[in-house]
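Listing of coords30.txt; format and content: compact mmCIF, C-alpha atoms (C1' of nucleotides).
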# COMPACT_ATOMS: atom_id res chain seq x y z
CA MET A 288 0.14 7.41 -4.73
CA GLY A 289 -2.53 9.72 -5.80
CA ILE A 290 -4.47 12.12 -3.67
CA THR A 291 -5.74 10.73 -0.41
CA LYS A 292 -8.16 12.78 1.64
CA ILE A 293 -6.36 12.05 4.87
CA GLU A 294 -7.95 14.97 6.64
CA ALA A 295 -11.30 13.27 6.46
CA TYR A 296 -10.50 10.16 8.49
CA SER A 297 -10.00 9.54 12.17
CA GLU A 298 -6.50 9.26 13.59
CA ASP A 299 -7.21 5.67 14.42
CA ILE A 300 -8.13 4.75 10.87
CA LEU A 301 -5.20 6.66 9.43
CA SER A 302 -2.76 5.04 11.80
CA LYS A 303 -3.84 1.54 10.86
CA ALA A 304 -3.93 2.28 7.16
CA GLN A 305 -0.42 3.67 7.30
CA LEU A 306 0.91 0.60 9.05
CA PHE A 307 -0.80 -1.73 6.61
CA LYS A 308 0.54 0.34 3.76
CA ALA A 309 4.07 -0.07 5.06
CA LEU A 310 3.44 -3.80 5.11
CA GLY A 311 2.00 -3.72 1.62
CA HIS A 312 5.11 -4.50 -0.35
CA PRO A 313 6.77 -7.90 -0.80
CA ALA A 314 10.22 -6.52 -0.08
CA ARG A 315 9.09 -5.16 3.26
CA VAL A 316 7.18 -8.31 4.17
CA ALA A 317 10.30 -10.28 3.31
CA ILE A 318 12.48 -7.98 5.39
CA LEU A 319 10.24 -8.37 8.43
CA ASP A 320 10.00 -12.08 7.85
CA PHE A 321 13.77 -12.24 7.82
CA LEU A 322 14.14 -10.03 10.88
CA ALA A 323 11.63 -12.14 12.78
CA LYS A 324 13.99 -15.07 12.50
CA GLN A 325 16.98 -13.17 13.81
CA THR A 326 17.89 -11.76 17.13
CA SER A 327 19.77 -8.97 15.46
CA CYS A 328 20.51 -7.94 11.95
CA ILE A 329 22.83 -5.94 9.83
CA CYS A 330 21.56 -4.36 6.66
CA GLY A 331 24.11 -6.13 4.54
CA GLU A 332 22.63 -9.49 5.35
CA ILE A 333 19.28 -8.31 4.12
CA VAL A 334 20.86 -7.15 0.90
CA ALA A 335 22.25 -10.63 0.42
CA GLU A 336 18.86 -12.12 1.17
CA LEU A 337 16.69 -10.08 -1.15
CA PRO A 338 16.65 -9.63 -4.91
CA LEU A 339 17.07 -5.87 -4.72
CA SER A 340 19.88 -3.39 -4.88
CA GLN A 341 21.36 -1.98 -1.73
CA ALA A 342 19.79 1.38 -2.44
CA SER A 343 16.31 -0.05 -2.80
CA ILE A 344 16.59 -2.03 0.39
CA SER A 345 17.80 1.01 2.24
CA ARG A 346 14.68 2.80 1.11
CA HIS A 347 12.41 0.01 2.27
CA LEU A 348 14.19 -0.13 5.60
CA ASN A 349 13.66 3.57 5.98
CA GLU A 350 9.97 3.22 5.23
CA LEU A 351 9.62 0.48 7.80
CA LYS A 352 11.42 2.64 10.30
CA ASP A 353 9.22 5.64 9.54
CA ALA A 354 6.17 3.49 10.07
CA GLY A 355 7.54 2.38 13.41
CA LEU A 356 7.76 -1.26 12.43
CA ILE A 357 11.50 -1.58 12.91
CA LYS A 358 14.09 0.20 14.95
CA GLY A 359 17.76 0.51 14.25
CA THR A 360 20.93 1.50 15.94
CA ILE A 361 24.17 2.40 14.30
CA SER A 362 27.12 0.31 15.36
CA GLY A 363 30.31 0.91 13.54
CA THR A 364 29.97 0.67 9.81
CA SER A 365 26.86 -1.39 10.10
CA VAL A 366 23.36 -0.71 11.29
CA CYS A 367 21.48 -3.10 13.46
CA TYR A 368 17.79 -3.47 12.70
CA CYS A 369 15.20 -5.16 14.86
CA ILE A 370 11.46 -5.43 14.72
CA ASN A 371 9.60 -2.86 16.73
CA THR A 372 6.61 -4.71 18.12
CA ASP A 373 4.86 -1.65 19.54
CA GLN A 374 2.42 -1.22 16.67
CA ILE A 375 1.62 -4.85 15.97
CA PRO A 376 -1.09 -5.45 18.58
CA GLN A 377 -3.10 -2.60 17.14
CA LEU A 378 -3.20 -4.39 13.80
CA ASN A 379 -3.94 -7.77 15.28
CA GLN A 380 -6.83 -6.29 17.16
CA PHE A 381 -8.26 -4.76 14.03
CA LEU A 382 -8.00 -8.00 12.10
CA ASN A 383 -9.59 -9.95 14.92
CA GLN A 384 -12.44 -7.53 14.96
CA LEU A 385 -13.05 -8.34 11.31
CA ILE A 386 -13.32 -12.01 12.10
CA SER A 387 -15.53 -11.49 15.12
CA PRO A 388 -18.76 -13.46 14.94
CA ILE A 389 -21.39 -11.76 12.86
CA ASP A 390 -24.46 -13.26 11.39
CA GLN A 391 -23.56 -13.38 7.73
CA THR A 392 -26.94 -14.03 6.28
CA CYS A 393 -26.50 -12.06 3.12
CA CYS A 394 -23.38 -13.06 1.24
CA SER A 395 -23.01 -16.71 2.04
CA MET B 49 3.32 2.40 -8.02
CA GLY B 50 6.61 1.92 -9.65
CA ILE B 51 8.10 -1.32 -10.82
CA THR B 52 7.95 -4.11 -8.31
CA LYS B 53 9.97 -7.24 -8.94
CA ILE B 54 7.15 -9.55 -8.01
CA GLU B 55 8.66 -12.48 -9.80
CA ALA B 56 11.50 -12.59 -7.31
CA TYR B 57 9.44 -13.30 -4.19
CA SER B 58 7.73 -16.40 -2.90
CA GLU B 59 4.00 -16.84 -3.36
CA ASP B 60 3.58 -16.65 0.38
CA ILE B 61 5.31 -13.29 0.68
CA LEU B 62 3.46 -11.91 -2.33
CA SER B 63 0.12 -13.05 -1.01
CA LYS B 64 0.60 -11.34 2.32
CA ALA B 65 1.97 -8.17 0.80
CA GLN B 66 -1.01 -7.94 -1.50
CA LEU B 67 -3.46 -8.31 1.34
CA PHE B 68 -1.67 -5.71 3.42
CA LYS B 69 -1.59 -3.43 0.44
CA ALA B 70 -5.34 -3.70 0.06
CA LEU B 71 -5.62 -2.73 3.71
CA GLY B 72 -3.22 0.15 3.25
CA HIS B 73 -5.69 2.90 2.56
CA PRO B 74 -7.83 4.74 5.08
CA ALA B 75 -10.95 4.43 2.96
CA ARG B 76 -10.58 0.66 2.83
CA VAL B 77 -9.82 0.37 6.53
CA ALA B 78 -12.91 2.47 7.19
CA ILE B 79 -15.02 0.33 4.89
CA LEU B 80 -13.95 -2.86 6.65
CA ASP B 81 -14.43 -1.22 10.02
CA PHE B 82 -17.93 -0.30 8.98
CA LEU B 83 -18.69 -3.72 7.56
CA ALA B 84 -17.44 -5.39 10.72
CA LYS B 85 -20.22 -3.69 12.62
CA GLN B 86 -22.95 -4.82 10.26
CA THR B 87 -24.54 -8.10 9.50
CA SER B 88 -25.10 -7.04 5.95
CA CYS B 89 -24.45 -4.00 3.92
CA ILE B 90 -25.49 -2.12 0.85
CA CYS B 91 -22.98 0.02 -0.96
CA GLY B 92 -25.10 3.10 -0.66
CA GLU B 93 -24.78 3.10 3.09
CA ILE B 94 -21.01 3.13 2.80
CA VAL B 95 -21.22 6.11 0.49
CA ALA B 96 -23.16 7.94 3.15
CA GLU B 97 -20.62 6.92 5.76
CA LEU B 98 -17.43 7.97 4.02
CA PRO B 99 -16.16 11.31 2.73
CA LEU B 100 -15.73 10.04 -0.80
CA SER B 101 -17.73 10.03 -3.98
CA GLN B 102 -19.72 7.00 -5.00
CA ALA B 103 -17.30 6.33 -7.83
CA SER B 104 -14.28 6.30 -5.55
CA ILE B 105 -15.92 4.01 -3.03
CA SER B 106 -16.96 1.65 -5.76
CA ARG B 107 -13.32 1.38 -6.75
CA HIS B 108 -12.21 0.72 -3.21
CA LEU B 109 -14.87 -1.92 -2.80
CA ASN B 110 -13.66 -3.53 -5.96
CA GLU B 111 -10.09 -3.56 -4.70
CA LEU B 112 -11.16 -5.16 -1.46
CA LYS B 113 -13.09 -7.72 -3.42
CA ASP B 114 -10.14 -8.46 -5.69
CA ALA B 115 -7.97 -8.96 -2.64
CA GLY B 116 -10.50 -11.40 -1.26
CA LEU B 117 -11.24 -9.31 1.81
CA ILE B 118 -14.90 -8.82 1.06
CA LYS B 119 -17.49 -10.68 -0.92
CA GLY B 120 -20.59 -9.30 -2.49
CA THR B 121 -23.77 -10.43 -4.06
CA ILE B 122 -26.08 -8.44 -6.21
CA SER B 123 -29.60 -8.20 -4.89
CA GLY B 124 -31.95 -6.07 -6.85
CA THR B 125 -30.60 -2.63 -7.50
CA SER B 126 -28.23 -2.83 -4.60
CA VAL B 127 -25.19 -4.90 -3.85
CA CYS B 128 -24.66 -6.58 -0.52
CA TYR B 129 -21.12 -6.61 0.76
CA CYS B 130 -19.77 -8.66 3.66
CA ILE B 131 -16.34 -9.29 5.04
CA ASN B 132 -14.62 -12.37 3.73
CA THR B 133 -12.71 -13.74 6.67
CA ASP B 134 -10.80 -16.39 4.72
CA GLN B 135 -7.58 -14.44 4.38
CA ILE B 136 -7.45 -12.84 7.81
CA PRO B 137 -5.85 -15.67 9.79
CA GLN B 138 -2.91 -15.67 7.43
CA LEU B 139 -2.22 -12.06 8.31
CA ASN B 140 -2.76 -12.54 12.00
CA GLN B 141 -0.32 -15.38 11.96
CA PHE B 142 2.30 -13.29 10.23
CA LEU B 143 1.90 -10.45 12.70
CA ASN B 144 2.08 -12.80 15.64
CA GLN B 145 5.26 -14.25 14.27
CA LEU B 146 6.73 -10.75 14.33
CA ILE B 147 5.90 -10.39 17.98
CA SER B 148 7.04 -13.88 18.90
CA PRO B 149 9.65 -13.86 21.62
CA ILE B 150 13.07 -13.23 20.27
CA ASP B 151 16.06 -12.21 22.21
CA GLN B 152 16.45 -8.61 21.19
CA THR B 153 19.89 -7.90 22.44
CA CYS B 154 20.85 -5.33 19.87
CA CYS B 155 18.32 -2.53 19.51
CA SER B 156 16.89 -2.12 22.95
C1' DT C 178 -42.77 1.84 -21.64
C1' DA C 179 -40.77 5.66 -19.16
C1' DT C 180 -38.51 7.11 -15.11
C1' DA C 181 -35.94 6.74 -10.95
C1' DT C 182 -32.40 4.51 -8.32
C1' DT C 183 -28.16 2.23 -7.54
C1' DA C 184 -23.64 0.88 -8.53
C1' DA C 185 -19.89 0.13 -12.03
C1' DT C 186 -16.91 1.98 -15.49
C1' DC C 187 -14.34 5.44 -18.15
C1' DG C 188 -11.37 9.41 -18.79
C1' DT C 189 -8.32 12.50 -16.80
C1' DA C 190 -5.32 15.07 -13.62
C1' DA C 191 -2.58 15.04 -9.56
C1' DT C 192 0.48 12.61 -6.80
C1' DA C 193 3.03 8.57 -4.80
C1' DT C 194 5.91 4.49 -5.23
C1' DT C 195 9.53 1.67 -6.93
C1' DG C 196 14.00 0.64 -8.66
C1' DC C 197 18.52 1.60 -10.17
C1' DA C 198 22.79 4.14 -10.90
C1' DA C 199 25.57 7.38 -9.03
C1' DT C 200 27.10 9.69 -5.21
C1' DA C 201 27.78 10.85 -0.44
C1' DT C 202 28.86 9.71 4.28
C1' DA C 203 30.99 7.37 7.95
C1' DT C 204 33.70 4.11 10.15
C1' DA C 205 37.47 0.56 10.11
C1' DA C 206 41.68 -1.13 8.63
C1' DA C 207 46.13 -0.85 6.49
C1' DT D 102 46.45 9.44 5.91
C1' DT D 103 44.85 6.51 2.43
C1' DT D 104 41.91 2.80 1.18
C1' DA D 105 38.25 -0.37 1.77
C1' DT D 106 33.72 -1.44 3.42
C1' DA D 107 28.96 -0.53 4.58
C1' DT D 108 24.90 2.10 4.49
C1' DA D 109 22.26 6.37 3.22
C1' DT D 110 20.76 9.74 0.01
C1' DT D 111 19.75 11.85 -4.39
C1' DG D 112 18.07 12.16 -9.05
C1' DC D 113 15.79 10.29 -12.55
C1' DA D 114 12.34 7.28 -15.36
C1' DA D 115 8.67 4.12 -15.31
C1' DT D 116 4.54 2.86 -13.37
C1' DA D 117 0.70 2.72 -9.96
C1' DT D 118 -2.75 4.91 -7.10
C1' DT D 119 -6.30 8.06 -5.92
C1' DA D 120 -10.15 11.01 -6.67
C1' DC D 121 -13.72 13.12 -9.18
C1' DG D 122 -17.16 14.10 -12.79
C1' DA D 123 -19.58 12.11 -16.36
C1' DT D 124 -21.44 8.26 -18.31
C1' DT D 125 -23.19 3.68 -18.61
C1' DA D 126 -25.64 -0.50 -17.18
C1' DA D 127 -29.07 -2.78 -14.73
C1' DT D 128 -33.00 -3.30 -12.07
C1' DA D 129 -37.31 -1.63 -9.85
C1' DT D 130 -41.37 0.97 -9.95
C1' DA D 131 -45.05 3.94 -11.66

Could I get this file's structure written as structure tokens?
Amino acid sequence: MGITKIEAYSEDILSKAQLFKALGHPARVAILDFLAKQTSCICGEIVAELPLSQASISRHLNELKDAGLIKGTISGTSVCYCINTDQIPQLNQFLNQLISPIDQTCCS
Amino acid sequence: MGITKIEAYSEDILSKAQLFKALGHPARVAILDFLAKQTSCICGEIVAELPLSQASISRHLNELKDAGLIKGTISGTSVCYCINTDQIPQLNQFLNQLISPIDQTCCS
DNA sequence: TATATTAATCGTAATATTGCAATATATAAA
DNA sequence: TTTATATATTGCAATATTACGATTAATATA
């Protein structure tokens, strides 16, 4: 999506931005939302759930996996996807830091 | 970034995806990180802080503003930007829901 | 008024994303 | 072994994003 000067930012910033980016598409939010309500999941069910082709969903699943937001294991002809919670606290912490009490005297 | 079938998702999903998308760039994460440490801020200081041109930063600030993640008021020749915390809880809640205890029997 | 300062906007080039159709791959079942 | 089922991958075409330089707009100051 255009040229990003990734070399100029800290690992920490880049890591968060990448995770948020992976979350920055309705299909992927919907997939995670769906997975959060399941104990396990097969890709096919997601295809039935979302208004996208199987190929598109496969791509989104792959992006989520690359970002470390889901993990999957192959079982027979189906693949089981689950949410990988490892990265979530990092994002929650960042968001909480944004809320943290500051004296907003200028823009309010 | 390609054609997204936004009309097919719920408002709730779209809203979250849009916020995450706005957070999905290192420059914008860095801007928010910087703003979180200030009580007030002038755009010029951000320009000095980041490895981007003034024009690029102005665009990122505008995107953050459009997303409702910052708010700004013009004061003299400078503009004061602050974090708008209104949307944050929505994201925190979503992330927490992803972590929420589920019986992951399949992918572990 | 003229000049300096600050931030927004415009134009353009490079690159990334999205979606679908078609195809490939792999396992299960007949 | 053949066929069916399920998921992944590839190859476009359309569109969005990013960054920068140059310019513009607006205010402050001399």

For chain D, work out the contacting residues on chain A at 10 Å, counting all atoms listed in the file, and write them as a PDB file with C-alpha atoms, in the frame of the given file.
ATOM      1  CA  MET A 288       0.140   7.410  -4.730  1.00  0.00           C
ATOM      2  CA  GLY A 289      -2.530   9.720  -5.800  1.00  0.00           C
ATOM      3  CA  ILE A 290      -4.470  12.120  -3.670  1.00  0.00           C
ATOM      4  CA  THR A 291      -5.740  10.730  -0.410  1.00  0.00           C
ATOM      5  CA  LYS A 292      -8.160  12.780   1.640  1.00  0.00           C
ATOM      6  CA  ILE A 329      22.830  -5.940   9.830  1.00  0.00           C
ATOM      7  CA  CYS A 330      21.560  -4.360   6.660  1.00  0.00           C
ATOM      8  CA  GLY A 331      24.110  -6.130   4.540  1.00  0.00           C
ATOM      9  CA  GLN A 341      21.360  -1.980  -1.730  1.00  0.00           C
ATOM     10  CA  ALA A 342      19.790   1.380  -2.440  1.00  0.00           C
ATOM     11  CA  SER A 345      17.800   1.010   2.240  1.00  0.00           C
ATOM     12  CA  ARG A 346      14.680   2.800   1.110  1.00  0.00           C
ATOM     13  CA  ASN A 349      13.660   3.570   5.980  1.00  0.00           C
ATOM     14  CA  ILE A 361      24.170   2.400  14.300  1.00  0.00           C
ATOM     15  CA  GLY A 363      30.310   0.910  13.540  1.00  0.00           C
ATOM     16  CA  THR A 364      29.970   0.670   9.810  1.00  0.00           C
ATOM     17  CA  SER A 365      26.860  -1.390  10.100  1.00  0.00           C
ATOM     18  CA  VAL A 366      23.360  -0.710  11.290  1.00  0.00           C
TER      19      VAL A 366
END

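Taking CA of Asn144 in chain B as the reference point, CA of Ala309 in chain A is found at 16.7 Å.
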
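The residue that comes closest to chain C, out of B:Arg76, B:Lys64, B:Lys85, B:His108 and on the basis of all atoms listed in the file, is B:His108.
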